[in-house]
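Coordinates as given in query_35.tsv (TSV, C-alpha atoms):
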```tsv
chain	number	residue	atom	x	y	z
H	1	MET	CA	208.28	-2.43	-42.24
H	2	ASP	CA	207.06	-5.86	-41.09
H	3	THR	CA	205.72	-8.17	-43.77
H	4	ILE	CA	203.46	-11.23	-43.69
H	5	VAL	CA	204.46	-13.95	-46.17
H	6	TYR	CA	201.79	-16.54	-47.02
H	7	ALA	CA	203.46	-19.92	-47.56
H	8	ARG	CA	202.08	-22.83	-49.55
H	9	ALA	CA	201.57	-26.25	-48.04
H	10	THR	CA	204.38	-27.74	-50.16
H	11	THR	CA	207.90	-27.07	-48.88
H	12	GLY	CA	210.00	-25.09	-51.35
H	13	SER	CA	207.04	-23.73	-53.34
H	14	MET	CA	206.70	-20.04	-54.16
H	15	PRO	CA	204.65	-18.13	-51.54
H	16	LEU	CA	201.00	-17.44	-52.20
H	17	GLY	CA	201.63	-13.75	-51.59
H	18	TYR	CA	202.76	-11.21	-49.05
H	19	LYS	CA	201.46	-8.12	-47.29
H	20	GLU	CA	203.32	-5.24	-45.71
H	21	ILE	CA	201.95	-4.39	-42.27
H	22	ASP	CA	201.26	-0.66	-42.25
H	23	GLN	CA	199.32	1.26	-39.60
H	24	GLU	CA	195.95	1.01	-41.38
H	25	PHE	CA	196.44	-2.76	-41.69
H	26	LYS	CA	196.97	-2.93	-37.92
H	27	TYR	CA	193.95	-0.71	-37.27
H	28	PHE	CA	191.74	-2.96	-39.39
H	29	PHE	CA	192.59	-6.15	-37.53
H	30	GLN	CA	192.60	-4.54	-34.11
H	31	GLN	CA	189.23	-2.86	-34.55
H	32	THR	CA	187.60	-5.80	-36.35
H	33	ASN	CA	188.85	-8.19	-33.67
H	34	ASN	CA	187.39	-5.88	-31.00
H	35	TRP	CA	184.09	-5.93	-32.90
H	36	LEU	CA	184.11	-9.74	-33.02
H	37	ASP	CA	184.39	-9.70	-29.21
H	38	ASP	CA	181.67	-7.04	-28.84
H	39	GLN	CA	179.32	-6.21	-31.71
H	40	ASN	CA	178.60	-2.82	-30.06
H	41	TYR	CA	182.29	-1.88	-30.11
H	42	PHE	CA	182.05	0.89	-32.73
H	43	ASP	CA	178.83	2.38	-31.34
H	44	ASN	CA	180.11	2.35	-27.78
H	45	THR	CA	183.52	3.90	-28.52
H	46	ALA	CA	182.66	6.50	-31.18
H	47	PRO	CA	182.82	10.00	-29.62
H	48	VAL	CA	179.55	11.93	-29.39
H	49	LEU	CA	179.72	15.17	-31.38
H	50	ALA	CA	176.25	16.47	-30.61
H	51	THR	CA	172.91	15.61	-29.08
H	52	VAL	CA	170.17	16.84	-31.41
H	53	PRO	CA	166.37	16.54	-31.58
H	54	LYS	CA	165.18	13.46	-33.39
H	55	TRP	CA	163.83	14.20	-36.86
H	56	ASN	CA	160.52	12.39	-37.19
H	57	PHE	CA	159.72	12.56	-40.88
H	58	ASN	CA	162.89	11.58	-42.68
H	59	PHE	CA	166.31	10.18	-41.99
H	60	THR	CA	167.86	13.31	-43.44
H	61	LEU	CA	167.41	16.74	-41.95
H	62	GLY	CA	168.38	19.32	-44.53
H	63	LYS	CA	169.54	22.83	-43.84
H	64	ILE	CA	167.76	24.50	-40.97
H	65	ILE	CA	167.04	28.14	-41.67
H	66	GLY	CA	166.00	30.70	-39.12
H	67	THR	CA	168.14	29.50	-36.26
H	68	GLU	CA	170.67	31.08	-33.97
H	69	THR	CA	173.73	29.76	-32.20
H	70	THR	CA	175.65	30.73	-29.11
H	71	TYR	CA	179.27	29.72	-28.87
H	72	PHE	CA	180.42	28.59	-25.44
H	73	GLY	CA	183.90	27.17	-25.92
H	74	THR	CA	185.26	23.65	-25.80
H	75	VAL	CA	182.90	22.40	-23.08
H	76	ARG	CA	179.17	21.92	-23.51
H	77	MET	CA	176.82	24.31	-21.73
H	78	SER	CA	175.00	22.86	-18.74
H	79	PRO	CA	172.24	23.39	-17.88
H	80	VAL	CA	170.48	24.40	-21.11
H	81	PRO	CA	168.98	27.93	-20.89
H	82	PRO	CA	165.30	28.17	-19.88
H	83	GLU	CA	164.22	29.56	-23.26
H	84	CYS	CA	164.73	26.07	-24.65
H	85	ASP	CA	161.28	25.05	-23.51
H	86	GLY	CA	160.92	22.08	-25.85
H	87	ILE	CA	157.59	23.43	-27.08
H	88	THR	CA	158.26	26.31	-29.43
H	89	THR	CA	162.03	26.30	-29.15
H	90	ILE	CA	164.32	23.26	-29.26
H	91	CYS	CA	168.01	23.45	-28.42
H	92	ALA	CA	170.84	21.10	-29.35
H	93	HIS	CA	174.55	20.94	-28.73
H	94	VAL	CA	176.53	21.21	-31.97
H	95	TYR	CA	180.27	21.01	-32.62
H	96	GLY	CA	181.82	23.19	-35.33
H	97	ASP	CA	184.20	26.00	-36.32
H	98	VAL	CA	184.83	28.54	-33.60
H	99	ASP	CA	184.19	31.46	-35.99
H	100	LEU	CA	180.53	30.56	-36.47
H	101	PHE	CA	179.48	32.81	-33.61
H	102	GLN	CA	180.66	35.85	-35.61
H	103	PRO	CA	177.71	37.99	-36.76
H	104	GLU	CA	178.81	37.84	-40.40
H	105	GLY	CA	178.70	34.06	-40.39
H	106	GLU	CA	175.81	33.15	-42.69
H	107	GLY	CA	176.57	29.46	-42.59
H	108	LEU	CA	174.62	28.88	-39.43
H	109	SER	CA	172.68	26.03	-40.95
H	110	TYR	CA	173.47	22.47	-40.07
H	111	SER	CA	172.63	19.04	-41.34
H	112	TYR	CA	172.84	15.67	-39.74
H	113	THR	CA	172.22	12.26	-41.21
H	114	VAL	CA	171.08	9.30	-39.15
H	115	ASP	CA	172.84	6.43	-40.91
H	116	ASP	CA	174.72	3.63	-39.19
H	117	TYR	CA	178.47	4.34	-38.94
H	118	ARG	CA	178.13	7.61	-40.88
H	119	ILE	CA	176.32	9.83	-38.43
H	120	PHE	CA	177.78	13.31	-38.48
H	121	VAL	CA	177.12	16.98	-37.86
H	122	GLU	CA	178.84	19.48	-40.07
H	123	ASP	CA	178.52	23.20	-40.47
H	124	THR	CA	178.13	24.56	-43.98
H	125	ILE	CA	181.29	26.65	-43.90
H	126	ASP	CA	183.56	24.14	-42.20
H	127	ASN	CA	187.19	25.23	-42.31
H	128	PRO	CA	189.67	22.43	-41.55
H	129	ASP	CA	192.25	25.03	-40.52
H	130	LEU	CA	190.11	26.32	-37.66
H	131	PRO	CA	189.65	24.60	-34.31
H	132	ASN	CA	186.21	23.36	-33.39
H	133	GLY	CA	184.12	24.14	-30.34
H	134	TYR	CA	180.61	23.60	-28.94
H	135	PHE	CA	177.58	25.73	-29.75
H	136	LEU	CA	174.10	25.85	-28.35
H	137	PHE	CA	171.99	25.39	-31.47
H	138	VAL	CA	168.58	27.04	-30.97
H	139	ILE	CA	165.85	25.79	-33.30
H	140	ASN	CA	162.94	28.19	-33.22
H	141	VAL	CA	160.68	26.18	-35.51
H	142	ALA	CA	159.86	22.86	-33.90
H	143	SER	CA	157.86	21.36	-36.76
H	144	GLY	CA	159.27	17.99	-37.80
H	145	PHE	CA	161.34	17.51	-34.66
H	146	SER	CA	160.58	15.36	-31.68
H	147	LEU	CA	160.00	17.31	-28.48
H	148	THR	CA	161.05	14.38	-26.31
H	149	GLU	CA	163.56	12.24	-28.24
H	150	THR	CA	167.13	13.08	-29.10
H	151	VAL	CA	169.81	11.51	-31.25
H	152	ASP	CA	173.45	11.22	-30.19
H	153	VAL	CA	175.43	12.26	-33.23
H	154	LYS	CA	178.69	10.30	-33.23
H	155	ASP	CA	181.92	10.63	-35.14
H	156	TYR	CA	183.01	7.36	-36.81
H	157	SER	CA	185.72	8.97	-38.94
H	158	GLY	CA	188.47	7.85	-36.58
H	159	PHE	CA	187.83	4.17	-37.32
H	160	ASN	CA	189.27	2.16	-40.16
H	161	GLN	CA	186.67	2.25	-42.95
H	162	ASP	CA	187.23	-1.37	-43.96
H	163	ALA	CA	186.61	-2.44	-40.37
H	164	LEU	CA	183.34	-0.50	-40.39
H	165	ASP	CA	182.37	-2.16	-43.67
H	166	VAL	CA	182.96	-5.61	-42.17
H	167	ALA	CA	180.79	-4.68	-39.17
H	168	ALA	CA	178.01	-3.58	-41.54
H	169	SER	CA	178.34	-6.70	-43.71
H	170	PRO	CA	176.33	-9.96	-43.57
H	171	LEU	CA	179.02	-11.24	-41.21
H	172	ALA	CA	177.12	-9.37	-38.49
H	173	ASN	CA	174.02	-11.44	-39.26
H	174	TYR	CA	175.98	-14.65	-38.79
H	175	LEU	CA	177.24	-13.52	-35.39
H	176	SER	CA	173.71	-12.64	-34.30
H	177	ASP	CA	171.75	-15.61	-35.63
H	178	GLY	CA	174.38	-18.27	-36.41
H	179	VAL	CA	172.90	-19.08	-39.83
H	180	SER	CA	175.52	-19.37	-42.57
H	181	ASN	CA	174.83	-17.75	-45.94
H	182	PRO	CA	178.15	-17.75	-47.83
H	183	SER	CA	176.53	-16.57	-51.08
H	184	VAL	CA	176.26	-13.02	-49.71
H	185	LEU	CA	179.92	-12.83	-48.61
H	186	ALA	CA	181.58	-12.30	-51.99
H	187	ASP	CA	182.01	-8.52	-51.69
H	188	ILE	CA	183.28	-8.46	-48.13
H	189	TRP	CA	185.58	-11.42	-48.77
H	190	GLN	CA	187.07	-9.56	-51.74
H	191	THR	CA	187.79	-6.62	-49.45
H	192	ILE	CA	189.41	-8.86	-46.85
H	193	SER	CA	191.44	-10.73	-49.47
H	194	GLU	CA	192.83	-7.40	-50.68
H	195	LEU	CA	193.68	-6.48	-47.10
H	196	PHE	CA	195.33	-9.85	-46.48
H	197	GLY	CA	197.39	-9.46	-49.65
H	198	VAL	CA	196.36	-12.89	-50.91
H	199	VAL	CA	193.11	-14.26	-52.30
H	200	HIS	CA	191.48	-16.97	-50.20
H	201	GLY	CA	188.50	-19.09	-51.02
H	202	VAL	CA	185.56	-18.83	-48.65
H	203	ASP	CA	182.88	-21.37	-47.89
H	204	HIS	CA	181.73	-20.22	-44.46
H	205	GLU	CA	181.59	-17.10	-42.32
H	206	ALA	CA	183.68	-18.89	-39.70
H	207	SER	CA	186.59	-18.86	-42.20
H	208	ILE	CA	186.59	-15.07	-42.18
H	209	ILE	CA	186.29	-14.84	-38.39
H	210	ASN	CA	189.12	-17.31	-37.76
H	211	ASN	CA	191.48	-15.64	-40.24
H	212	ILE	CA	190.83	-12.21	-38.74
H	213	ARG	CA	191.42	-13.50	-35.23
H	214	ILE	CA	194.66	-15.31	-35.95
H	215	LEU	CA	196.13	-12.36	-37.89
H	216	ALA	CA	195.10	-10.05	-35.05
H	217	GLN	CA	197.11	-12.28	-32.71
H	218	VAL	CA	200.10	-12.33	-35.07
H	219	ILE	CA	200.11	-8.60	-35.78
H	220	PHE	CA	199.48	-7.03	-32.38
H	221	GLY	CA	199.16	-9.88	-29.92
H	222	ALA	CA	195.39	-9.75	-29.49
H	223	GLY	CA	194.26	-11.58	-26.41
H	224	VAL	CA	192.23	-14.77	-26.55
H	225	PRO	CA	189.02	-14.86	-24.47
H	226	GLN	CA	189.40	-17.71	-22.00
H	227	ASP	CA	185.68	-17.75	-21.23
H	228	LEU	CA	183.34	-16.76	-24.05
H	229	PRO	CA	179.57	-16.75	-23.41
H	230	ASN	CA	177.23	-17.88	-26.16
H	231	GLU	CA	174.72	-15.13	-26.91
H	232	ASN	CA	173.35	-16.97	-29.93
H	233	GLU	CA	170.21	-19.11	-30.02
H	234	LEU	CA	172.21	-21.99	-31.51
H	235	ASN	CA	175.00	-24.14	-30.07
H	236	ARG	CA	178.54	-22.87	-30.77
H	237	VAL	CA	181.06	-25.52	-31.86
H	238	GLU	CA	184.73	-24.62	-31.36
H	239	LEU	CA	188.18	-26.18	-31.45
H	240	LEU	CA	190.23	-24.80	-28.56
H	241	PHE	CA	194.01	-24.93	-28.92
H	242	THR	CA	196.51	-25.26	-26.09
H	243	ASP	CA	200.16	-26.20	-25.81
H	244	ILE	CA	201.08	-29.41	-24.04
H	245	GLY	CA	204.32	-30.12	-22.24
H	246	TRP	CA	205.87	-30.08	-18.80
H	247	PRO	CA	206.58	-27.08	-16.52
H	248	GLY	CA	209.87	-25.40	-17.30
H	249	LEU	CA	210.25	-27.05	-20.71
H	250	PRO	CA	209.25	-25.78	-24.15
H	251	PRO	CA	205.81	-26.98	-25.30
H	252	LEU	CA	205.86	-30.21	-27.27
H	253	ALA	CA	203.08	-29.56	-29.76
H	254	ARG	CA	199.80	-27.74	-30.29
H	255	HIS	CA	196.87	-29.70	-28.94
H	256	ALA	CA	193.14	-29.12	-29.58
H	257	TYR	CA	189.95	-30.20	-27.91
H	258	VAL	CA	186.29	-29.73	-28.83
H	259	MET	CA	183.88	-27.51	-26.93
H	260	ILE	CA	180.16	-27.16	-27.65
H	261	THR	CA	178.63	-24.19	-25.81
H	262	THR	CA	174.84	-24.08	-25.58
H	263	PRO	CA	172.73	-20.89	-25.35
H	264	SER	CA	172.09	-21.76	-21.70
H	265	GLY	CA	175.84	-21.80	-21.00
H	266	ASP	CA	176.46	-25.54	-20.72
H	267	ARG	CA	179.86	-26.65	-22.08
H	268	TYR	CA	180.25	-30.11	-23.57
H	269	VAL	CA	183.90	-31.05	-24.11
H	270	THR	CA	185.83	-33.98	-25.53
H	271	ARG	CA	189.55	-34.65	-25.99
H	272	GLY	CA	192.03	-37.33	-26.90
H	273	GLY	CA	195.53	-38.26	-25.83
H	274	PRO	CA	197.84	-41.17	-25.05
H	275	ASP	CA	196.64	-43.90	-22.71
H	276	PRO	CA	197.37	-42.70	-19.15
H	277	PHE	CA	198.20	-46.33	-18.25
H	278	PRO	CA	199.65	-47.81	-21.47
H	279	SER	CA	199.64	-51.59	-21.75
H	280	TYR	CA	202.23	-51.54	-24.53
H	281	GLY	CA	204.88	-49.20	-25.93
H	282	VAL	CA	205.58	-45.70	-24.65
H	283	PHE	CA	202.16	-44.18	-25.32
H	284	GLY	CA	199.91	-47.19	-25.82
H	285	ALA	CA	196.56	-46.70	-27.53
H	286	LEU	CA	194.71	-43.48	-28.26
H	287	PHE	CA	192.53	-42.63	-25.27
H	288	ALA	CA	189.54	-40.25	-25.43
H	289	GLU	CA	187.21	-38.75	-22.84
H	290	SER	CA	184.30	-36.31	-22.55
H	291	ASP	CA	182.68	-34.20	-19.86
H	292	LEU	CA	179.96	-31.64	-19.15
H	293	ASN	CA	180.86	-28.33	-17.48
H	294	PRO	CA	184.25	-29.43	-16.09
H	295	GLU	CA	185.95	-26.98	-13.74
H	296	PHE	CA	189.20	-28.65	-12.77
H	297	GLU	CA	192.03	-30.56	-14.42
H	298	ALA	CA	191.05	-33.66	-12.47
H	299	ASP	CA	187.70	-33.61	-14.28
H	300	PHE	CA	189.08	-32.82	-17.73
H	301	PRO	CA	192.86	-32.42	-18.23
H	302	ASP	CA	192.68	-29.47	-20.66
H	303	ILE	CA	190.17	-27.28	-18.85
H	304	GLU	CA	192.71	-25.31	-16.78
H	305	ARG	CA	195.23	-24.85	-19.59
H	306	THR	CA	195.57	-21.47	-21.29
H	307	ILE	CA	193.58	-21.26	-24.52
H	308	LEU	CA	195.92	-20.03	-27.26
H	309	PHE	CA	193.33	-19.86	-30.03
H	310	ARG	CA	189.58	-20.39	-30.36
H	311	GLN	CA	188.69	-21.72	-33.82
H	312	LEU	CA	185.00	-21.20	-34.46
H	313	VAL	CA	183.68	-24.13	-36.48
H	314	THR	CA	179.99	-23.31	-36.74
H	315	TYR	CA	176.72	-22.77	-34.92
H	316	MET	CA	174.30	-25.68	-34.96
H	317	ALA	CA	170.86	-26.66	-33.71
H	318	ASP	CA	170.28	-29.43	-31.20
H	319	LEU	CA	170.66	-32.93	-32.61
H	320	PRO	CA	168.27	-35.85	-32.01
H	321	THR	CA	170.88	-37.39	-29.70
H	322	PRO	CA	171.90	-35.19	-26.72
H	323	PHE	CA	175.44	-33.88	-26.94
H	324	ASP	CA	176.66	-35.66	-23.81
H	325	ALA	CA	175.47	-39.03	-25.11
H	326	LEU	CA	176.87	-38.31	-28.56
H	327	LEU	CA	180.34	-37.31	-27.31
H	328	SER	CA	180.38	-40.27	-24.93
H	329	SER	CA	179.69	-42.61	-27.84
H	330	TYR	CA	182.56	-41.04	-29.79
H	331	HIS	CA	185.10	-41.30	-26.99
H	332	ASN	CA	184.04	-44.84	-26.06
H	333	ALA	CA	184.31	-46.02	-29.65
H	334	THR	CA	187.78	-44.50	-29.94
H	335	SER	CA	189.12	-45.74	-26.61
H	336	THR	CA	188.01	-49.32	-27.26
H	337	ALA	CA	189.27	-49.49	-30.87
H	338	THR	CA	192.96	-49.97	-29.82
H	339	ILE	CA	194.25	-47.26	-32.17
H	340	ASP	CA	198.00	-46.82	-31.73
H	341	TYR	CA	198.81	-43.36	-30.38
H	342	LYS	CA	201.51	-41.69	-32.51
H	343	LEU	CA	202.88	-38.39	-31.30
H	344	VAL	CA	202.74	-36.35	-34.50
H	345	ASN	CA	200.41	-38.06	-36.96
H	346	GLN	CA	197.79	-40.14	-35.11
H	347	ASN	CA	196.91	-38.38	-31.95
H	348	SER	CA	194.51	-36.19	-29.99
H	349	ASN	CA	194.13	-33.76	-32.91
H	350	SER	CA	193.17	-36.61	-35.23
H	351	TYR	CA	190.42	-37.55	-32.80
H	352	VAL	CA	188.91	-34.08	-32.20
H	353	PHE	CA	188.93	-33.07	-35.88
H	354	GLN	CA	187.20	-36.35	-36.68
H	355	VAL	CA	184.64	-35.66	-33.94
H	356	VAL	CA	183.89	-32.28	-35.52
H	357	GLU	CA	183.55	-33.95	-38.91
H	358	LYS	CA	181.03	-36.37	-37.42
H	359	LEU	CA	179.10	-33.50	-35.85
H	360	VAL	CA	178.91	-31.06	-38.76
H	361	GLY	CA	179.57	-33.21	-41.83
H	362	THR	CA	182.92	-31.74	-42.94
H	363	ARG	CA	186.41	-31.63	-41.43
H	364	PRO	CA	187.52	-28.02	-40.95
H	365	ARG	CA	191.06	-26.94	-41.75
H	366	SER	CA	193.26	-26.46	-38.72
H	367	ILE	CA	193.78	-22.68	-38.57
H	368	PRO	CA	196.74	-22.79	-36.19
H	369	TYR	CA	198.55	-25.87	-37.48
H	370	ALA	CA	197.94	-28.86	-35.22
H	371	PRO	CA	199.96	-32.00	-36.11
H	372	GLY	CA	197.81	-35.00	-36.97
H	373	TRP	CA	194.63	-33.07	-37.76
H	374	THR	CA	194.22	-34.61	-41.23
H	375	ARG	CA	194.61	-38.24	-40.11
H	376	ILE	CA	191.50	-40.39	-40.64
H	377	LEU	CA	190.94	-42.80	-37.74
H	378	PRO	CA	189.02	-46.09	-37.81
H	379	ALA	CA	186.83	-44.70	-35.00
H	380	PRO	CA	184.72	-42.87	-34.08
```
As structure tokens, the full file:
Amino acid sequence: MDTIVYARATTGSMPLGYKEIDQEFKYFFQQTNNWLDDQNYFDNTAPVLATVPKWNFNFTLGKIIGTETTYFGTVRMSPVPPECDGITTICAHVYGDVDLFQPEGEGLSYSYTVDDYRIFVEDTIDNPDLPNGYFLFVINVASGFSLTETVDVKDYSGFNQDALDVAASPLANYLSDGVSNPSVLADIWQTISELFGVVHGVDHEASIINNIRILAQVIFGAGVPQDLPNENELNRVELLFTDIGWPGLPPLARHAYVMITTPSGDRYVTRGGPDPFPSYGVFGALFAESDLNPEFEADFPDIERTILFRQLVTYMADLPTPFDALLSSYHNATSTATIDYKLVNQNSNSYVFQVVEKLVGTRPRSIPYAPGWTRILPAP
């Protein structure tokens, strides 16, 4: 069985911990990663077991007495018989044991609960050893049921329960409104730490999202969205990682640039690198540049490179200074400061992580390791 070993920053130190990668571990990261890409993932992919009349007075419909069922095999009946007039008689499709149509079956009462991620229909004499089929469930007493609205009863049992818990956690609020509230994350972070096999500290929802995404890539090669719209009302700040090098040769190092995506879809970007026309040495001084909505490499050298990882930093409101003016001030200050470019410890990563620190007040940790990210520059 494959195992993840969590190393410490100091070479030769004992590992922080390890985790064997079993099937449930893979399911968790695959399904949670899918949910991060689409918050409707679980609802859209859960199979529908039944379509039943909406219960108007309570979330829970108890046992329904005085009903009859007609079994019609493994495919739903269509159209519904005319006696289901929706006035005095309501009919619903229900999935259950195939022996329920037998006259001696007294367990012809059903219950369904409308509760996110736990919606189910079950018959009262369910036998796991019997196959299931569809029934036409005829409700002769319409009181309490909607005559016009129905509920799709879905089966969420095939999903990893921890993944469902994450989707129902305050992490969902962060994805929808962008407002960080780490104080409510203790329970879900404990669950994730147990899944990871090592306890991490947490100070921001983005920490959870980034760790889930990178482990999803490591475990099953999850794809990285190359174009990710911003459906939030705030501006999304990301560090986008690429590899740099020359065609036909192994990549030299991991390189990051900053992208700020607005709710309207504008993309403000800034990057650093060696001076394209060095006046001294091999690389010359650190050179930085910025752009708005670049499309081609000629506009912004990184924009056509494959994104290997998207590190979410935070969501933020507009600042008093427009982003294009702010990023321009950062890249101008850096390019005119004559900072020696050093390949592994004073480079493009040093610049972009410092830009993020200027924007949000703290320097995030580099999730995929990018050489030079910790280096403090004299500018910007």
I want to know what sits within 12 Å of Met259 of chain H, based on all atoms listed in the file, with residues of the same chain fewer than 2 positions away left out; could you give that as number ranges by chain?
H: 227-228, 230, 235-241, 256-257, 261-262, 265-271, 290-294, 300, 302-303, 307, 310-315, 323-324, 327, 352-353, 355-356, 359
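One finds atom CA of Pro276 of chain H at 13.0 Å from atom CA of Ser348 of chain H.
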Please list, as a ChimeraX atom specification, the residues that have an atom at most 12 Å away from (192.8, -39.5, -38.8) in the coordinates of this file, counting all atoms listed in the file.
/H:286,334,339-342,344-357,363,371-380
Quick one, how far is atom CA of Phe287 of chain H from atom CA of Pro322 of chain H?
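It comes out at 22.0 Å.
Summary of the local environment: counting only C-alpha atoms, residues at most 10 Å from Leu215 of chain H, other than itself and those fewer than 3 positions away along its chain, are Ile4, Lys26, Phe29, Gln30, Asn33, Phe196, Asn210, Asn211, Ile212, Val218, Ile219, Phe220, Gly221 and Ala222 of chain H.
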Write out the residues from the selection above, keeping C-alpha atoms, as an mmCIF file, in the coordinates of the input.
```
data_model
loop_
_atom_site.group_PDB
_atom_site.id
_atom_site.type_symbol
_atom_site.label_atom_id
_atom_site.label_comp_id
_atom_site.auth_asym_id
_atom_site.auth_seq_id
_atom_site.Cartn_x
_atom_site.Cartn_y
_atom_site.Cartn_z
ATOM 1 C CA ILE H 4 203.460 -11.230 -43.690
ATOM 2 C CA LYS H 26 196.970 -2.930 -37.920
ATOM 3 C CA PHE H 29 192.590 -6.150 -37.530
ATOM 4 C CA GLN H 30 192.600 -4.540 -34.110
ATOM 5 C CA ASN H 33 188.850 -8.190 -33.670
ATOM 6 C CA PHE H 196 195.330 -9.850 -46.480
ATOM 7 C CA ASN H 210 189.120 -17.310 -37.760
ATOM 8 C CA ASN H 211 191.480 -15.640 -40.240
ATOM 9 C CA ILE H 212 190.830 -12.210 -38.740
ATOM 10 C CA VAL H 218 200.100 -12.330 -35.070
ATOM 11 C CA ILE H 219 200.110 -8.600 -35.780
ATOM 12 C CA PHE H 220 199.480 -7.030 -32.380
ATOM 13 C CA GLY H 221 199.160 -9.880 -29.920
ATOM 14 C CA ALA H 222 195.390 -9.750 -29.490
#
```
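Ranking H:Ser157, H:Thr306, H:Thr32, H:Gln39 by their shortest atom-to-atom distance to Ile192 of chain H, with only C-alpha atoms included, puts H:Thr32 first.
The nearest approach to Val224 of chain H among the residues H:Ser264, H:Thr45, H:Asp37, H:Ile21, with all atoms listed in the file taken into account, belongs to H:Asp37.
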Calculate how many Å separate atom CA of Ile208 of chain H from atom CA of Asn34 of chain H, rounding to one decimal.
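Value for the atom CA of Ile208 of chain H-atom CA of Asn34 of chain H distance: 14.5 Å.
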Shell around Ser176 of chain H at 9 Å using only C-alpha atoms, local window under 2 positions removed, as a VMD selection string:
chain H and resid 39 171 to 174 178 to 179 231 to 233
Go ahead and write the residues just picked, C-alpha atoms, as a compact mmCIF listing (two decimals), in the frame of the given file.
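Final file, part-v2.txt:
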```
# COMPACT_ATOMS: atom_id res chain seq x y z
CA GLN H 39 179.32 -6.21 -31.71
CA LEU H 171 179.02 -11.24 -41.21
CA ALA H 172 177.12 -9.37 -38.49
CA ASN H 173 174.02 -11.44 -39.26
CA TYR H 174 175.98 -14.65 -38.79
CA GLY H 178 174.38 -18.27 -36.41
CA VAL H 179 172.90 -19.08 -39.83
CA GLU H 231 174.72 -15.13 -26.91
CA ASN H 232 173.35 -16.97 -29.93
CA GLU H 233 170.21 -19.11 -30.02
```
Which residue is closest to Phe283 of chain H? Choose from H:Thr362, H:Thr338, H:Ser329, H:Thr242 and count only C-alpha atoms.
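The shortest atom-to-atom distance to Phe283 of chain H comes from H:Thr338.
Comparing the minimum interatomic distances between Ser180 of chain H and each of H:Glu297, H:Ala168, H:Glu205, H:Asp129, counting all atoms listed in the file, we find that H:Glu205 sits nearest.
Shortest separation to Pro229 of chain H among H:Ser328, H:Asp38, H:Val184, H:Ala337 occurs at residue H:Asp38, atoms counted being only C-alpha atoms.
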Sphere at (180.6, 4.7, -25.7), radius 12 Å, counting only C-alpha atoms: residues as a VMD selection string
chain H and resid 40 to 49 152 to 156
